[in-house]
$ cat protein39.cif   # mmCIF, C-alpha atoms
data_model
#
loop_
_atom_site.label_atom_id
_atom_site.label_comp_id
_atom_site.auth_asym_id
_atom_site.auth_seq_id
_atom_site.Cartn_x
_atom_site.Cartn_y
_atom_site.Cartn_z
CA MET D 1 95.14 -212.76 104.89
CA ALA D 2 97.52 -215.62 105.52
CA TYR D 3 101.26 -215.85 105.99
CA LEU D 4 103.16 -218.87 104.68
CA LEU D 5 106.84 -219.64 105.21
CA ILE D 6 108.83 -219.92 102.01
CA THR D 7 112.38 -219.98 100.73
CA GLY D 8 113.68 -216.74 99.29
CA LEU D 9 115.07 -218.55 96.26
CA VAL D 10 112.85 -221.47 95.34
CA LEU D 11 109.09 -221.11 95.24
CA ALA D 12 108.60 -224.84 94.86
CA GLN D 13 110.30 -225.34 98.22
CA LEU D 14 108.55 -222.53 99.97
CA LEU D 15 105.28 -224.38 100.22
CA MET D 16 106.76 -227.82 100.90
CA PRO D 17 105.96 -227.83 104.64
CA LEU D 18 102.27 -227.46 103.92
CA SER D 19 99.94 -230.42 104.12
CA VAL D 20 97.46 -229.87 101.34
CA ARG D 21 93.96 -230.84 102.38
CA ASP D 22 91.73 -229.14 99.88
CA THR D 23 90.63 -230.89 96.71
CA VAL D 24 91.93 -229.29 93.52
CA ARG D 25 90.88 -229.75 89.93
CA GLN D 26 91.44 -233.21 88.45
CA SER D 27 94.31 -231.86 86.35
CA ALA D 28 96.38 -231.06 89.47
CA LYS D 29 97.96 -233.40 92.03
CA THR D 30 99.06 -232.01 95.40
CA GLN D 31 102.52 -232.70 96.81
CA SER D 32 104.37 -231.97 100.04
CA ALA D 33 107.89 -232.52 101.39
CA SER D 34 110.13 -231.81 104.37
CA PRO D 35 110.72 -228.19 105.46
CA PRO D 36 113.45 -226.28 103.61
CA LYS D 37 116.55 -225.11 105.47
CA GLN D 38 116.34 -221.49 104.31
CA LEU D 39 113.03 -219.70 104.84
CA GLY D 40 111.49 -216.45 103.79
CA GLU D 41 107.85 -215.39 103.74
CA LEU D 42 105.05 -215.55 101.23
CA GLU D 43 102.21 -213.23 102.13
CA VAL D 44 98.94 -214.44 100.63
CA LEU D 45 96.00 -212.03 100.65
CA ASN D 46 92.39 -213.14 100.20
CA GLY D 47 93.24 -216.82 99.78
CA LYS D 48 95.92 -219.47 100.10
CA ALA D 49 98.62 -221.14 98.01
CA GLU D 50 99.24 -224.83 97.29
CA ILE D 51 102.04 -226.65 95.53
CA VAL D 52 100.70 -228.92 92.75
CA ASP D 53 101.52 -230.64 89.49
CA TYR D 54 99.64 -229.02 86.61
CA ARG D 55 100.05 -230.00 82.95
CA GLY D 56 103.45 -231.53 83.54
CA ARG D 57 104.89 -228.72 85.69
CA ARG D 58 105.38 -228.16 89.38
CA ALA D 59 103.38 -225.05 90.13
CA VAL D 60 101.84 -222.79 92.73
CA HIS D 61 98.04 -222.87 92.73
CA LEU D 62 96.19 -219.87 94.17
CA VAL D 63 92.90 -220.65 95.91
CA PRO D 64 90.55 -217.78 96.89
CA SER D 65 89.00 -217.50 100.33
CA PRO D 66 85.32 -218.49 100.42
CA ASP D 67 84.34 -215.06 101.76
CA HIS D 68 86.10 -213.11 99.00
CA SER D 69 83.90 -213.15 95.92
CA GLY D 70 83.19 -209.51 95.05
CA PRO D 71 83.57 -208.29 91.46
CA GLU D 72 87.02 -206.78 92.15
CA ASP D 73 88.35 -209.32 94.66
CA SER D 74 91.61 -211.05 93.81
CA VAL D 75 94.23 -213.29 95.40
CA LEU D 76 97.67 -211.72 95.80
CA ALA D 77 100.72 -213.80 96.79
CA ILE D 78 103.63 -211.48 97.57
CA LEU D 79 107.02 -213.12 97.07
CA GLY D 80 109.45 -212.69 99.95
CA ARG D 81 112.90 -211.24 99.18
CA SER D 82 111.70 -209.93 95.81
CA GLU D 83 112.66 -206.26 96.17
CA PHE D 84 112.16 -204.73 92.74
CA GLN D 85 112.08 -201.37 90.99
CA ASP D 86 113.41 -201.82 87.46
CA GLY D 87 114.37 -205.00 85.66
CA VAL D 88 112.80 -208.11 84.17
CA ILE D 89 110.15 -210.47 85.54
CA GLU D 90 109.34 -213.74 83.78
CA ALA D 91 106.83 -216.46 84.61
CA GLU D 92 104.74 -219.27 83.23
CA VAL D 93 101.08 -218.78 84.06
CA ALA D 94 97.95 -220.81 83.32
CA GLY D 95 94.47 -219.54 84.01
CA ALA D 96 90.89 -220.44 83.19
CA PRO D 97 87.53 -219.66 84.81
CA ARG D 98 86.72 -221.81 87.84
CA ASP D 99 83.61 -223.97 87.84
CA GLY D 100 80.43 -222.15 88.86
CA VAL D 101 81.72 -218.59 88.39
CA PRO D 102 79.83 -215.82 86.50
CA PRO D 103 79.72 -216.24 82.69
CA ASP D 104 81.73 -213.06 82.10
CA SER D 105 84.77 -214.50 83.90
CA ARG D 106 87.85 -214.60 81.66
CA GLY D 107 90.51 -216.48 83.66
CA PHE D 108 92.24 -213.27 84.77
CA ILE D 109 95.84 -214.03 85.83
CA GLY D 110 99.13 -212.13 85.91
CA ILE D 111 102.04 -210.60 87.78
CA SER D 112 102.06 -207.60 90.10
CA PHE D 113 105.17 -205.51 90.74
CA ARG D 114 106.32 -202.58 92.87
CA VAL D 115 103.90 -203.99 95.44
CA GLN D 116 103.67 -201.84 98.56
CA PRO D 117 103.45 -203.37 102.08
CA HIS D 118 100.57 -205.82 102.49
CA GLY D 119 99.40 -205.13 98.93
CA ALA D 120 98.21 -201.60 99.71
CA ARG D 121 99.12 -200.44 96.19
CA PHE D 122 100.69 -202.16 93.20
CA GLU D 123 101.17 -202.15 89.44
CA ASN D 124 99.57 -205.08 87.63
CA LEU D 125 99.84 -206.69 84.20
CA TYR D 126 97.55 -209.61 83.48
CA VAL D 127 95.91 -211.65 80.73
CA ARG D 128 92.32 -212.63 79.99
CA PRO D 129 92.89 -216.08 78.43
CA THR D 130 89.35 -216.72 77.18
CA ASN D 131 89.44 -213.44 75.22
CA GLY D 132 92.44 -214.47 73.11
CA ARG D 133 90.45 -216.63 70.72
CA ALA D 134 86.97 -215.14 71.13
CA GLU D 135 84.77 -214.75 68.05
CA GLU D 136 84.13 -211.07 68.86
CA GLN D 137 86.97 -208.74 67.90
CA LEU D 138 86.21 -206.35 70.76
CA ARG D 139 86.81 -209.12 73.28
CA ARG D 140 90.08 -210.03 71.56
CA ASN D 141 91.17 -206.41 71.91
CA HIS D 142 90.88 -206.88 75.70
CA SER D 143 93.21 -209.89 75.95
CA VAL D 144 95.90 -208.20 78.08
CA GLN D 145 95.45 -205.44 80.64
CA TYR D 146 97.39 -202.99 82.82
CA THR D 147 95.97 -201.68 86.09
CA SER D 148 97.37 -199.80 89.07
CA GLU D 149 95.52 -200.90 92.15
CA PRO D 150 93.49 -199.63 93.84
CA GLU D 151 93.32 -196.15 92.27
CA TYR D 152 93.28 -197.21 88.61
CA PRO D 153 91.20 -200.38 88.11
CA TRP D 154 90.54 -201.66 84.60
CA PHE D 155 87.11 -200.05 84.23
CA ARG D 156 88.42 -196.58 85.10
CA LEU D 157 91.31 -196.86 82.65
CA ARG D 158 89.04 -198.19 79.90
CA LYS D 159 86.53 -195.38 80.43
CA GLU D 160 89.09 -192.57 80.59
CA ASN D 161 91.53 -193.91 77.98
CA PRO D 162 89.83 -196.49 75.73
CA GLY D 163 92.24 -198.97 74.19
CA VAL D 164 95.38 -197.46 75.75
CA TYR D 165 95.97 -199.90 78.60
CA GLU D 166 94.82 -203.14 76.97
CA SER D 167 95.54 -204.97 73.75
CA TYR D 168 95.22 -208.23 71.78
CA VAL D 169 97.43 -211.29 71.94
CA ASP D 170 96.74 -214.93 71.13
CA LEU D 171 95.96 -216.92 74.28
CA ASP D 172 94.77 -220.44 75.06
CA ALA D 173 92.74 -220.71 78.28
CA GLY D 174 94.20 -223.19 80.76
CA ALA D 175 97.44 -223.64 78.81
CA TRP D 176 100.85 -222.54 80.03
CA THR D 177 101.61 -219.00 78.85
CA HIS D 178 105.02 -217.36 79.14
CA ILE D 179 104.90 -213.80 80.45
CA LYS D 180 107.84 -211.40 80.36
CA ILE D 181 107.61 -207.93 81.88
CA VAL D 182 110.40 -205.37 81.33
CA VAL D 183 110.21 -202.36 83.66
CA SER D 184 112.24 -199.16 83.41
CA GLY D 185 111.27 -195.96 85.21
CA THR D 186 107.64 -195.28 84.40
CA THR D 187 107.52 -197.67 81.43
CA ALA D 188 106.58 -201.36 81.35
CA ARG D 189 106.54 -203.68 78.34
CA LEU D 190 104.64 -206.97 78.27
CA TYR D 191 105.82 -209.85 76.06
CA ILE D 192 103.84 -213.07 75.62
CA ASN D 193 105.13 -216.53 74.64
CA GLY D 194 108.59 -215.41 73.56
CA ALA D 195 107.48 -212.74 71.10
CA ALA D 196 110.20 -210.33 69.98
CA GLN D 197 107.84 -207.38 70.25
CA PRO D 198 105.66 -206.40 73.24
CA CYS D 199 101.91 -206.76 72.96
CA LEU D 200 101.39 -203.90 75.41
CA ILE D 201 103.48 -200.85 76.31
CA VAL D 202 102.57 -198.74 79.34
CA SER D 203 104.52 -195.48 79.34
CA ASP D 204 103.01 -193.87 82.44
CA LEU D 205 103.05 -196.33 85.32
CA LYS D 206 100.78 -194.72 87.87
CA LEU D 207 102.93 -195.34 90.95
CA GLY D 208 105.91 -193.68 89.31
CA PRO D 209 109.47 -195.03 89.68
CA THR D 210 108.81 -196.63 93.06
CA ARG D 211 110.33 -199.71 94.67
CA GLY D 212 108.35 -202.67 95.99
CA GLN D 213 107.98 -206.41 95.76
CA VAL D 214 106.71 -208.85 93.15
CA ALA D 215 103.53 -210.90 93.53
CA LEU D 216 101.48 -213.58 91.83
CA TRP D 217 97.98 -212.31 91.04
CA ALA D 218 94.71 -213.98 90.07
CA HIS D 219 91.07 -212.93 90.23
CA TRP D 220 88.90 -214.99 92.60
CA THR D 221 87.02 -216.44 89.59
CA THR D 222 90.24 -217.89 88.14
CA ASP D 223 91.75 -221.34 88.53
CA GLY D 224 95.29 -220.01 88.43
CA TYR D 225 98.74 -221.65 88.34
CA PHE D 226 102.28 -220.20 88.32
CA SER D 227 105.63 -221.82 87.50
CA ASN D 228 109.23 -220.81 86.72
CA VAL D 229 108.94 -217.30 88.16
CA ARG D 230 112.16 -215.35 87.71
CA VAL D 231 112.79 -211.85 89.12
CA GLN D 232 115.89 -210.04 87.83
CA PRO D 233 116.27 -206.49 89.19
CA ASN D 234 118.55 -204.00 87.47
CA GLY D 235 121.55 -202.38 89.12
CA PRO D 236 124.89 -203.47 90.54
CA TYR D 237 123.24 -204.95 93.63
CA GLY D 238 120.39 -206.62 91.82
CA LYS D 239 120.11 -210.31 92.63
CA THR D 240 118.19 -212.71 90.40
CA THR D 241 115.59 -214.68 92.33
CA GLU D 242 113.97 -217.80 90.90
CA TYR D 243 110.76 -219.52 91.96
CA PRO D 244 110.58 -222.71 89.85
#
$ encode --input "protein39.cif" --output "structure tokens"
Amino acid sequence: MAYLLITGLVLAQLLMPLSVRDTVRQSAKTQSASPPKQLGELEVLNGKAEIVDYRGRRAVHLVPSPDHSGPEDSVLAILGRSEFQDGVIEAEVAGAPRDGVPPDSRGFIGISFRVQPHGARFENLYVRPTNGRAEEQLRRNHSVQYTSEPEYPWFRLRKENPGVYESYVDLDAGAWTHIKIVVSGTTARLYINGAAQPCLIVSDLKLGPTRGQVALWAHWTTDGYFSNVRVQPNGPYGKTTEYP
């Protein structure tokens, strides 16, 4: 687990004080700048975050820790000052399998919400980019996924309720994909790339109508990037937070 200082409003600024030393993929170029004046906290579990340029956008790149490589391990970056219960979350994400990972890796990447302290429990909606254009229809049917960690991982939900918590949507691995999540009570709707209709509706969020934070999520096998994250909670005191 690592703690990184960030701004509460601008994700691009929050990692500016960091001096990036690790080598990233050839498609990304690391950048750094002077410390921001207003600081919050980004809590990164099982890895670290870097600020990079990826496919023409300034983005956050999640890098897994070397000692976290189990089948269910993931990197979770909890956004400071992102208190959220109901509302809308939008982001641009890009994910593809990292070099040297198992052949069944799919580039798992998404957004977690109602995250409890230190990632103890959270709701999660993510995509499997390499499934979107697979030649096998069954794989296509598993393009997007809901989980509620840690009690309801994907394999439990698939076994107990086949086809209910996952669906098909067209995806291009490694390309920027727009994700929009609309949450109300125990219902969440997932929209991809500006579609008017959701590709997945979850009507029984397992944590119930709880409050928590928002986080960037990627499996350890994924080379994952995030840009233009926008959190807009409902209610008279809801404050829109942007992480360009």
$ resolve_selection --input "protein39.cif" --expression "the PyMOL selection byres ((chain D and resi 195-203) around 7)" --output "list in words"
Tyr165, Glu166, Ser167, Tyr168, Val169, Thr186, Thr187, Ala188, Arg189, Leu190, Tyr191, Ile192, Asn193, Gly194, Asp204 and Leu205 of chain D
$ atom_distance --input "protein39.cif" --atom1 "atom CA of Val214 of chain D" --atom2 "atom CA of Ser148 of chain D"
13.6 Å
$ resolve_selection --input "protein39.cif" --expression "the PyMOL selection byres ((chain D and resi 49) around 9)" --output "list in words"
Leu4, Leu15, Val44, Gly47, Lys48, Glu50, Ile51, Val60, His61, Leu62, Val63, Pro64 and Ala77 of chain D
$ write_last_selection --input "protein39.cif" --atoms "C-alpha atoms" --output "PDB file, in the coordinates of the input"
ATOM      1  CA  LEU D   4     103.160-218.870 104.680  1.00  0.00           C
ATOM      2  CA  LEU D  15     105.280-224.380 100.220  1.00  0.00           C
ATOM      3  CA  VAL D  44      98.940-214.440 100.630  1.00  0.00           C
ATOM      4  CA  GLY D  47      93.240-216.820  99.780  1.00  0.00           C
ATOM      5  CA  LYS D  48      95.920-219.470 100.100  1.00  0.00           C
ATOM      6  CA  GLU D  50      99.240-224.830  97.290  1.00  0.00           C
ATOM      7  CA  ILE D  51     102.040-226.650  95.530  1.00  0.00           C
ATOM      8  CA  VAL D  60     101.840-222.790  92.730  1.00  0.00           C
ATOM      9  CA  HIS D  61      98.040-222.870  92.730  1.00  0.00           C
ATOM     10  CA  LEU D  62      96.190-219.870  94.170  1.00  0.00           C
ATOM     11  CA  VAL D  63      92.900-220.650  95.910  1.00  0.00           C
ATOM     12  CA  PRO D  64      90.550-217.780  96.890  1.00  0.00           C
ATOM     13  CA  ALA D  77     100.720-213.800  96.790  1.00  0.00           C
TER      14      ALA D  77
END
$ residues_around --input "protein39.cif" --residues "segment 103-108 of chain D" --least-positions-apart "2" --cutoff "8 Å" --atoms "only C-alpha atoms" --output "PDB file with C-alpha atoms, keeping the file's coordinate frame"
ATOM      1  CA  GLY D  95      94.470-219.540  84.010  1.00  0.00           C
ATOM      2  CA  ALA D  96      90.890-220.440  83.190  1.00  0.00           C
ATOM      3  CA  PRO D  97      87.530-219.660  84.810  1.00  0.00           C
ATOM      4  CA  ARG D  98      86.720-221.810  87.840  1.00  0.00           C
ATOM      5  CA  VAL D 101      81.720-218.590  88.390  1.00  0.00           C
ATOM      6  CA  GLY D 110      99.130-212.130  85.910  1.00  0.00           C
ATOM      7  CA  TYR D 126      97.550-209.610  83.480  1.00  0.00           C
ATOM      8  CA  VAL D 127      95.910-211.650  80.730  1.00  0.00           C
ATOM      9  CA  ARG D 128      92.320-212.630  79.990  1.00  0.00           C
ATOM     10  CA  PRO D 129      92.890-216.080  78.430  1.00  0.00           C
ATOM     11  CA  THR D 130      89.350-216.720  77.180  1.00  0.00           C
ATOM     12  CA  ASN D 131      89.440-213.440  75.220  1.00  0.00           C
ATOM     13  CA  ALA D 173      92.740-220.710  78.280  1.00  0.00           C
ATOM     14  CA  ALA D 218      94.710-213.980  90.070  1.00  0.00           C
ATOM     15  CA  HIS D 219      91.070-212.930  90.230  1.00  0.00           C
ATOM     16  CA  THR D 221      87.020-216.440  89.590  1.00  0.00           C
ATOM     17  CA  THR D 222      90.240-217.890  88.140  1.00  0.00           C
ATOM     18  CA  ASP D 223      91.750-221.340  88.530  1.00  0.00           C
ATOM     19  CA  GLY D 224      95.290-220.010  88.430  1.00  0.00           C
TER      20      GLY D 224
END
$ closest_residue --input "protein39.cif" --among "D:Lys159, D:Leu125, D:Val183, D:Thr210" --to "Asp86 of chain D" --atoms "only C-alpha atoms"
D:Val183
$ closest_residue --input "protein39.cif" --among "D:Gln213, D:Thr241, D:Thr177, D:Asn234" --to "Ala94 of chain D" --atoms "all atoms listed in the file"
D:Thr177
$ atom_distance --input "protein39.cif" --atom1 "atom CA of Val182 of chain D" --atom2 "atom CA of Gln137 of chain D"
27.2 Å
$ decode --input "protein39.cif" --residues "segment 98-127 of chain D" --atoms "N, CA and C atoms" --output "tab-separated table (two decimals), in the first residue's frame"
chain	number	residue	atom	x	y	z
D	98	ARG	N	-0.75	-6.68	-20.13
D	98	ARG	CA	0.67	-6.35	-20.07
D	98	ARG	C	1.48	-7.46	-20.71
D	99	ASP	N	2.70	-7.14	-21.10
D	99	ASP	CA	3.58	-8.15	-21.68
D	99	ASP	C	3.91	-9.22	-20.64
D	100	GLY	N	3.91	-10.48	-21.08
D	100	GLY	CA	4.32	-11.58	-20.22
D	100	GLY	C	3.29	-12.09	-19.24
D	101	VAL	N	2.03	-11.63	-19.34
D	101	VAL	CA	0.99	-12.08	-18.42
D	101	VAL	C	0.32	-13.34	-18.97
D	102	PRO	N	-0.46	-14.06	-18.15
D	102	PRO	CA	-1.13	-15.29	-18.62
D	102	PRO	C	-2.00	-15.03	-19.85
D	103	PRO	N	-2.15	-16.03	-20.72
D	103	PRO	CA	-2.90	-15.85	-21.98
D	103	PRO	C	-4.38	-15.56	-21.79
D	104	ASP	N	-4.94	-15.86	-20.62
D	104	ASP	CA	-6.36	-15.57	-20.40
D	104	ASP	C	-6.59	-14.17	-19.83
D	105	SER	N	-5.57	-13.34	-19.82
D	105	SER	CA	-5.73	-11.95	-19.38
D	105	SER	C	-6.52	-11.17	-20.42
D	106	ARG	N	-7.38	-10.27	-19.97
D	106	ARG	CA	-8.31	-9.57	-20.87
D	106	ARG	C	-8.16	-8.05	-20.86
D	107	GLY	N	-7.23	-7.51	-20.06
D	107	GLY	CA	-7.09	-6.07	-19.98
D	107	GLY	C	-8.11	-5.44	-19.04
D	108	PHE	N	-8.47	-6.17	-17.98
D	108	PHE	CA	-9.51	-5.76	-17.03
D	108	PHE	C	-9.23	-4.36	-16.47
D	109	ILE	N	-10.19	-3.43	-16.64
D	109	ILE	CA	-10.02	-2.07	-16.15
D	109	ILE	C	-11.39	-1.43	-15.93
D	110	GLY	N	-11.51	-0.60	-14.87
D	110	GLY	CA	-12.80	0.01	-14.60
D	110	GLY	C	-12.77	1.00	-13.45
D	111	ILE	N	-13.95	1.26	-12.91
D	111	ILE	CA	-14.14	2.23	-11.84
D	111	ILE	C	-14.84	1.56	-10.67
D	112	SER	N	-14.33	1.81	-9.47
D	112	SER	CA	-14.95	1.32	-8.25
D	112	SER	C	-15.65	2.49	-7.55
D	113	PHE	N	-16.73	2.21	-6.84
D	113	PHE	CA	-17.47	3.26	-6.15
D	113	PHE	C	-18.02	2.73	-4.84
D	114	ARG	N	-18.44	3.68	-3.98
D	114	ARG	CA	-18.84	3.35	-2.61
D	114	ARG	C	-17.75	2.55	-1.92
D	115	VAL	N	-16.51	2.96	-2.17
D	115	VAL	CA	-15.34	2.27	-1.62
D	115	VAL	C	-15.24	2.57	-0.13
D	116	GLN	N	-15.15	1.52	0.67
D	116	GLN	CA	-15.00	1.65	2.11
D	116	GLN	C	-13.53	1.88	2.48
D	117	PRO	N	-13.25	2.35	3.71
D	117	PRO	CA	-11.88	2.73	4.08
D	117	PRO	C	-10.84	1.68	3.70
D	118	HIS	N	-9.78	2.15	3.07
D	118	HIS	CA	-8.64	1.33	2.66
D	118	HIS	C	-9.05	0.19	1.72
D	119	GLY	N	-10.14	0.39	0.99
D	119	GLY	CA	-10.56	-0.60	0.01
D	119	GLY	C	-11.09	-1.89	0.60
D	120	ALA	N	-11.59	-1.85	1.84
D	120	ALA	CA	-12.05	-3.07	2.50
D	120	ALA	C	-13.21	-3.72	1.73
D	121	ARG	N	-14.11	-2.89	1.20
D	121	ARG	CA	-15.23	-3.38	0.40
D	121	ARG	C	-15.54	-2.32	-0.64
D	122	PHE	N	-16.03	-2.73	-1.79
D	122	PHE	CA	-16.40	-1.75	-2.81
D	122	PHE	C	-17.20	-2.41	-3.93
D	123	GLU	N	-18.02	-1.56	-4.59
D	123	GLU	CA	-18.71	-1.96	-5.80
D	123	GLU	C	-17.78	-1.69	-6.98
D	124	ASN	N	-17.90	-2.51	-8.03
D	124	ASN	CA	-16.94	-2.40	-9.14
D	124	ASN	C	-17.63	-2.69	-10.47
D	125	LEU	N	-17.41	-1.81	-11.44
D	125	LEU	CA	-17.85	-2.04	-12.82
D	125	LEU	C	-16.64	-1.90	-13.72
D	126	TYR	N	-16.38	-2.93	-14.52
D	126	TYR	CA	-15.18	-2.90	-15.35
D	126	TYR	C	-15.42	-3.56	-16.70
D	127	VAL	N	-14.46	-3.36	-17.60
D	127	VAL	CA	-14.54	-3.92	-18.94
D	127	VAL	C	-13.41	-4.92	-19.15
